[in-house]
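Okay, work-v9.cif now, which holds mmCIF, C-alpha atoms:
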data_structure
loop_
_atom_site.label_atom_id
_atom_site.label_comp_id
_atom_site.auth_asym_id
_atom_site.auth_seq_id
_atom_site.Cartn_x
_atom_site.Cartn_y
_atom_site.Cartn_z
CA MET A 1 129.36 102.72 90.76
CA LYS A 2 125.59 102.89 90.97
CA LEU A 3 123.81 105.44 88.81
CA ALA A 4 120.40 106.96 89.52
CA ALA A 5 118.12 108.65 87.00
CA LEU A 6 114.97 110.55 87.95
CA GLN A 7 112.11 110.47 85.45
CA MET A 8 110.49 113.61 86.76
CA GLN A 9 107.39 115.76 86.37
CA SER A 10 108.84 119.24 86.79
CA VAL A 11 106.61 122.16 87.74
CA ALA A 12 107.00 124.73 84.99
CA GLY A 13 108.36 127.98 86.42
CA ASP A 14 108.69 126.74 90.03
CA VAL A 15 112.38 126.29 90.80
CA THR A 16 111.79 125.77 94.53
CA ALA A 17 109.36 122.90 93.97
CA ASN A 18 111.68 121.27 91.46
CA LEU A 19 114.71 121.52 93.75
CA ALA A 20 112.65 119.95 96.54
CA ARG A 21 111.77 117.03 94.26
CA ILE A 22 115.41 116.61 93.27
CA ARG A 23 116.44 116.63 96.95
CA GLN A 24 113.94 113.87 97.71
CA ALA A 25 115.28 111.80 94.83
CA ALA A 26 118.88 112.43 95.91
CA LEU A 27 118.09 111.11 99.38
CA GLU A 28 116.45 108.00 97.92
CA ALA A 29 119.26 107.44 95.43
CA ALA A 30 121.96 107.82 98.08
CA ALA A 31 120.13 105.36 100.33
CA ALA A 32 120.17 102.88 97.44
CA GLY A 33 123.93 103.26 97.12
CA ALA A 34 124.05 105.49 94.05
CA THR A 35 126.79 108.11 93.77
CA LEU A 36 125.37 110.09 90.83
CA LEU A 37 121.83 111.31 90.13
CA ILE A 38 120.76 112.59 86.71
CA THR A 39 117.61 114.67 86.22
CA PRO A 40 115.88 115.86 83.02
CA GLU A 41 116.59 118.75 80.67
CA LEU A 42 115.75 122.12 82.27
CA SER A 43 114.56 120.25 85.34
CA LEU A 44 115.16 123.25 87.60
CA THR A 45 112.87 125.61 85.66
CA GLY A 46 110.69 123.07 83.92
CA TYR A 47 111.13 122.63 80.16
CA GLY A 48 107.77 124.21 79.29
CA ALA A 49 108.17 127.40 81.33
CA GLY A 50 108.26 129.41 78.09
CA GLU A 51 109.19 133.07 78.29
CA ALA A 52 109.58 132.79 82.08
CA ILE A 53 112.83 130.99 81.37
CA ARG A 54 114.40 134.33 80.47
CA LYS A 55 113.75 135.62 84.00
CA LEU A 56 114.66 132.35 85.67
CA ALA A 57 117.98 131.92 83.87
CA GLU A 58 120.98 132.24 86.20
CA PRO A 59 124.77 131.91 85.92
CA GLU A 60 126.55 128.73 87.01
CA ASP A 61 127.46 130.43 90.30
CA GLY A 62 123.93 131.71 90.93
CA GLU A 63 121.46 130.87 93.68
CA GLN A 64 119.94 127.88 91.86
CA ALA A 65 123.36 126.29 91.38
CA ASP A 66 124.24 126.99 95.00
CA ARG A 67 121.05 125.29 96.18
CA LEU A 68 121.73 122.28 93.97
CA ALA A 69 125.28 122.03 95.32
CA ALA A 70 123.91 122.21 98.86
CA ILE A 71 121.59 119.27 98.12
CA SER A 72 124.56 117.34 96.75
CA ASP A 73 126.61 118.15 99.83
CA GLU A 74 123.77 117.19 102.19
CA THR A 75 123.01 113.87 100.52
CA GLY A 76 126.56 112.90 99.54
CA ILE A 77 125.63 112.25 95.92
CA GLY A 78 126.75 113.98 92.73
CA ILE A 79 123.98 115.52 90.62
CA VAL A 80 123.56 116.39 86.94
CA ALA A 81 120.57 118.71 86.44
CA GLY A 82 119.29 120.72 83.50
CA PHE A 83 119.00 124.48 84.00
CA ALA A 84 118.70 127.71 82.05
CA GLU A 85 122.13 129.34 82.20
CA ARG A 86 122.61 133.06 81.80
CA HIS A 87 126.07 134.08 80.57
CA GLY A 88 126.25 137.78 79.85
CA GLU A 89 123.43 138.53 77.43
CA ALA A 90 123.18 134.91 76.25
CA ILE A 91 120.93 132.19 77.65
CA TYR A 92 121.97 128.57 77.20
CA ASN A 93 120.11 125.31 77.64
CA SER A 94 122.64 123.77 80.01
CA ALA A 95 123.36 120.86 82.32
CA LEU A 96 125.16 121.47 85.61
CA TYR A 97 127.25 118.83 87.39
CA VAL A 98 127.88 119.31 91.09
CA ASP A 99 129.50 117.03 93.63
CA GLY A 100 129.17 118.67 97.01
CA LEU A 101 130.20 122.29 97.39
CA GLY A 102 133.35 122.00 95.26
CA ALA A 103 133.98 122.64 91.58
CA ARG A 104 131.11 122.75 89.08
CA THR A 105 131.00 121.72 85.43
CA VAL A 106 128.55 123.10 82.88
CA TYR A 107 127.65 121.64 79.50
CA ARG A 108 125.71 123.77 77.01
CA LYS A 109 123.41 122.17 74.45
CA SER A 110 124.81 122.37 70.94
CA HIS A 111 121.85 121.16 68.85
CA LEU A 112 118.69 123.13 69.62
CA TYR A 113 115.42 121.51 68.65
CA GLY A 114 112.62 123.44 66.97
CA PRO A 115 111.50 127.07 67.11
CA TYR A 116 110.73 126.92 70.85
CA GLU A 117 114.34 126.27 71.84
CA ARG A 118 115.83 128.45 69.11
CA GLY A 119 113.69 131.35 70.32
CA LEU A 120 115.00 131.07 73.87
CA PHE A 121 118.57 129.79 73.73
CA VAL A 122 121.92 130.26 72.05
CA PRO A 123 123.57 127.05 70.79
CA GLU A 124 127.09 126.18 71.93
CA GLU A 125 129.71 124.73 69.60
CA PRO A 126 129.80 120.91 69.83
CA LYS A 127 132.50 119.64 72.18
CA ALA A 128 133.47 116.66 74.29
CA GLN A 129 132.57 117.69 77.83
CA VAL A 130 133.70 114.98 80.24
CA ILE A 131 134.01 114.90 84.01
CA ASN A 132 135.73 112.52 86.39
CA HIS A 133 133.06 111.43 88.82
CA ARG A 134 134.78 109.53 91.61
CA GLY A 135 136.90 107.54 89.19
CA THR A 136 134.33 107.15 86.39
CA THR A 137 134.57 109.28 83.24
CA VAL A 138 131.15 110.75 82.48
CA GLY A 139 130.30 112.63 79.29
CA LEU A 140 127.49 115.18 79.07
CA LEU A 141 124.93 115.76 76.31
CA ILE A 142 121.41 117.19 76.31
CA CYS A 143 118.39 115.65 74.55
CA TYR A 144 118.59 116.28 70.76
CA ASP A 145 122.40 116.21 70.95
CA VAL A 146 122.34 112.43 71.44
CA GLU A 147 120.38 111.90 68.24
CA PHE A 148 123.48 112.92 66.26
CA PRO A 149 125.88 109.95 66.38
CA GLU A 150 128.88 112.25 66.02
CA ASN A 151 128.27 113.73 69.45
CA VAL A 152 128.28 110.39 71.23
CA ARG A 153 131.29 109.17 69.26
CA ARG A 154 133.20 112.34 70.18
CA LEU A 155 132.65 111.62 73.87
CA ALA A 156 133.56 107.96 73.51
CA LEU A 157 136.82 108.91 71.80
CA ALA A 158 137.49 111.32 74.68
CA GLY A 159 137.29 108.40 77.11
CA ALA A 160 133.70 108.64 78.37
CA GLU A 161 132.48 105.44 80.00
CA VAL A 162 129.02 106.80 80.84
CA ILE A 163 127.07 109.45 78.93
CA ALA A 164 124.48 111.42 80.89
CA VAL A 165 121.66 112.81 78.74
CA PRO A 166 119.06 115.00 80.45
CA THR A 167 116.21 115.20 77.96
CA ALA A 168 112.72 116.55 77.31
CA LEU A 169 111.43 114.09 74.72
CA PRO A 170 107.81 114.97 73.86
CA LYS A 171 105.12 112.47 73.07
CA SER A 172 105.12 111.69 69.35
CA ASP A 173 104.73 108.84 66.88
CA HIS A 174 108.47 108.16 67.14
CA ASP A 175 109.22 108.71 70.85
CA GLU A 176 109.55 104.99 71.57
CA LEU A 177 111.89 104.53 68.61
CA ILE A 178 114.25 107.16 70.02
CA ALA A 179 114.16 106.00 73.63
CA ARG A 180 113.96 102.24 73.18
CA LYS A 181 115.94 101.74 69.96
CA MET A 182 118.18 104.71 69.15
CA ILE A 183 119.59 105.09 72.67
CA PRO A 184 120.60 101.41 73.02
CA VAL A 185 122.24 101.64 69.59
CA ARG A 186 124.24 104.70 70.69
CA ALA A 187 125.42 102.70 73.69
CA PHE A 188 126.27 99.63 71.59
CA GLU A 189 128.07 101.37 68.73
CA ASN A 190 130.33 103.20 71.20
CA GLN A 191 130.50 100.53 73.93
CA VAL A 192 129.43 103.00 76.63
CA PHE A 193 126.60 103.32 79.13
CA VAL A 194 123.95 105.92 78.21
CA ALA A 195 121.51 107.35 80.75
CA TYR A 196 118.66 109.05 78.90
CA VAL A 197 116.55 110.85 81.50
CA ASN A 198 113.21 112.37 80.52
CA HIS A 199 110.29 114.33 81.91
CA CYS A 200 106.89 112.75 82.30
CA GLY A 201 103.39 114.16 82.46
CA ALA A 202 102.60 117.53 80.90
CA ASP A 203 102.75 121.27 81.38
CA ALA A 204 100.92 124.06 79.59
CA LEU A 205 103.08 123.72 76.47
CA PHE A 206 104.21 120.10 76.13
CA SER A 207 103.30 116.50 76.90
CA TYR A 208 106.31 114.30 77.64
CA ALA A 209 106.99 110.72 76.61
CA GLY A 210 108.66 109.44 79.78
CA LEU A 211 110.45 106.25 78.59
CA SER A 212 113.71 107.07 80.39
CA VAL A 213 116.37 104.38 80.01
CA ILE A 214 119.82 103.42 81.21
CA ALA A 215 121.42 101.44 78.38
CA ALA A 216 124.49 99.20 78.67
CA PRO A 217 127.40 98.82 76.20
CA ASP A 218 125.88 95.62 74.80
CA GLY A 219 122.65 97.45 73.95
CA SER A 220 120.61 95.97 76.77
CA LEU A 221 118.47 98.11 79.06
CA LEU A 222 119.57 98.07 82.69
CA ALA A 223 116.62 100.18 83.85
CA GLU A 224 113.66 101.84 82.20
CA GLY A 225 110.79 104.12 83.08
CA GLY A 226 107.29 103.81 81.73
CA ALA A 227 105.44 106.20 79.47
CA THR A 228 103.71 107.80 82.46
CA GLY A 229 104.61 108.59 86.02
CA GLU A 230 107.73 109.49 87.90
CA LYS A 231 110.31 106.82 88.57
CA LEU A 232 113.77 106.66 90.11
CA LEU A 233 115.90 104.33 88.01
CA ILE A 234 118.95 102.69 89.60
CA ALA A 235 121.60 100.74 87.68
CA LYS A 236 125.00 99.25 88.37
CA ILE A 237 127.72 100.69 86.14
CA ASP A 238 130.69 98.34 85.77
CA THR A 239 132.71 98.31 82.55
CA GLY A 240 134.23 95.03 83.68
CA ASP A 241 130.90 93.33 83.04
CA TYR A 242 131.15 94.19 79.33
CA VAL A 243 134.73 93.27 78.43
CA GLU A 244 133.55 90.56 76.04
CA SER A 245 131.13 92.95 74.37
CA ALA A 246 133.89 95.53 73.86
CA ALA A 247 136.20 92.88 72.40
CA ALA A 248 133.58 91.55 70.00
CA ASN A 249 132.34 95.00 68.95
CA SER A 250 135.57 96.97 68.65
CA TYR A 251 134.18 99.98 66.83
CA LEU A 252 136.40 102.56 68.51
CA ALA A 253 139.58 100.55 68.03
CA ASP A 254 138.76 99.85 64.37
CA LEU A 255 137.57 103.38 63.48
CA ARG A 256 139.37 104.97 60.53
CA SER A 257 139.21 108.73 60.06
#

If you convert what's in this file into structure tokens, what do you get?
Amino acid sequence: MKLAALQMQSVAGDVTANLARIRQAALEAAAAGATLLITPELSLTGYGAGEAIRKLAEPEDGEQADRLAAISDETGIGIVAGFAERHGEAIYNSALYVDGLGARTVYRKSHLYGPYERGLFVPEEPKAQVINHRGTTVGLLICYDVEFPENVRRLALAGAEVIAVPTALPKSDHDELIARKMIPVRAFENQVFVAYVNHCGADALFSYAGLSVIAAPDGSLLAEGGATGEKLLIAKIDTGDYVESAAANSYLADLRS
């Protein structure tokens, strides 16, 4: 399969503008032969929408999800997008997978980062959320979740071949370490592909690091975004290309617990 990842500058609080940008990227990704597009954490609302997120939060069968599914159906490409999910009285930092107008899968972030997220969202219990995307097993995490090796290992043990990670990594003195070193290590130590898909630019609350990557099981980078500017990353995902790497680095087979 071909995988697409949109390093995106969301408009905080403007769901319509963000869906339009995702649609444009979906058209471009489908034209390039990709079957799955991943967008950043809270890409529908914008990560830095602040208290407006409470009003913008919708259930997985709400209007925002319906519009995302319609884009998927129109373009013929599956989409993973971050959104604010309302479930009863709770609001979750979630990622929604759609593939056309059929079934939907939601993953809720388990490790909330900092007072901003903890003030808006409820954490979910950690779990191995995997989907079968047209024959490829894809695991879902969100941002800070991937920085805990246990979360990636859990997905790898559940059979994930690709791990999709919508993120909102801010600019910091360690942003490049996370994106360019930690993410390839997560891929290598589990012999999986990891797509780490970030925002770029800034909103009223945060400045984002960009630096999106698609890492291969051998730790190499198949595609990467810069520190600034939007970019649509495209990478070929073929586990057959990494058989020798899996044989030489048999962490999962040798794991004792």

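For Arg108 (chain A), the list of residues within 8 Å, based on only C-alpha atoms and with local chain neighbours fewer than 5 positions off taken out, reads Tyr92, Asn93, Ser94, Ala95, Pro123, Glu124 and Ile142 of chain A.
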
>> Since I can't run it myself right now, could you work out what the PyMOL selection byres ((chain A and resi 120) around 8) selects here and report it as a PyMOL selection string?
In response: chain A and resi 51+53-54+91+116-119+121-122

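Distance annotation: of A:Tyr196, A:Tyr97, A:Phe148, A:Tyr107, the residue with the minimal separation from Val162 (chain A) is A:Tyr196; atom set is only C-alpha atoms.
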
>> Give me the residues near Gly219 (chain A) as a VMD selection string, where near means some atom within 12 Å (using only C-alpha atoms) and where sequence neighbours in that chain fewer than 4 positions away do not count.
In response: chain A and resid 180 to 194 213 to 215 223 242 245 to 246 249

> Can you tell me, as a list in words, what residues are no more than 9 Å from Gly201 (chain A) when counting only C-alpha atoms, ignoring any on the same chain fewer than 6 positions away?
Replying inline: Met8, Gln9, Ser10, Ser207, Tyr208, Ala209, Gly210, Ala227, Thr228, Gly229 and Glu230 of chain A

> What residues have an atom no more than 10 Å from (123.0, 129.3, 86.7) in the file's own frame, counting only C-alpha atoms, and can you write them as a PyMOL selection string?
Replying inline: chain A and resi 44+56-66+82-87+91-92+94-96+106

So which residues get picked by the PyMOL selection byres ((chain A and resi 13) around 9) here, written as a compact mmCIF listing (two decimals) with C-alpha atoms, keeping the file's coordinate frame?
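What landed in part.txt:
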# COMPACT_ATOMS: atom_id res chain seq x y z
CA SER A 10 108.84 119.24 86.79
CA VAL A 11 106.61 122.16 87.74
CA ALA A 12 107.00 124.73 84.99
CA ASP A 14 108.69 126.74 90.03
CA VAL A 15 112.38 126.29 90.80
CA LEU A 44 115.16 123.25 87.60
CA THR A 45 112.87 125.61 85.66
CA GLY A 46 110.69 123.07 83.92
CA TYR A 47 111.13 122.63 80.16
CA GLY A 48 107.77 124.21 79.29
CA ALA A 49 108.17 127.40 81.33
CA GLY A 50 108.26 129.41 78.09
CA ALA A 52 109.58 132.79 82.08
CA ILE A 53 112.83 130.99 81.37
CA LEU A 56 114.66 132.35 85.67
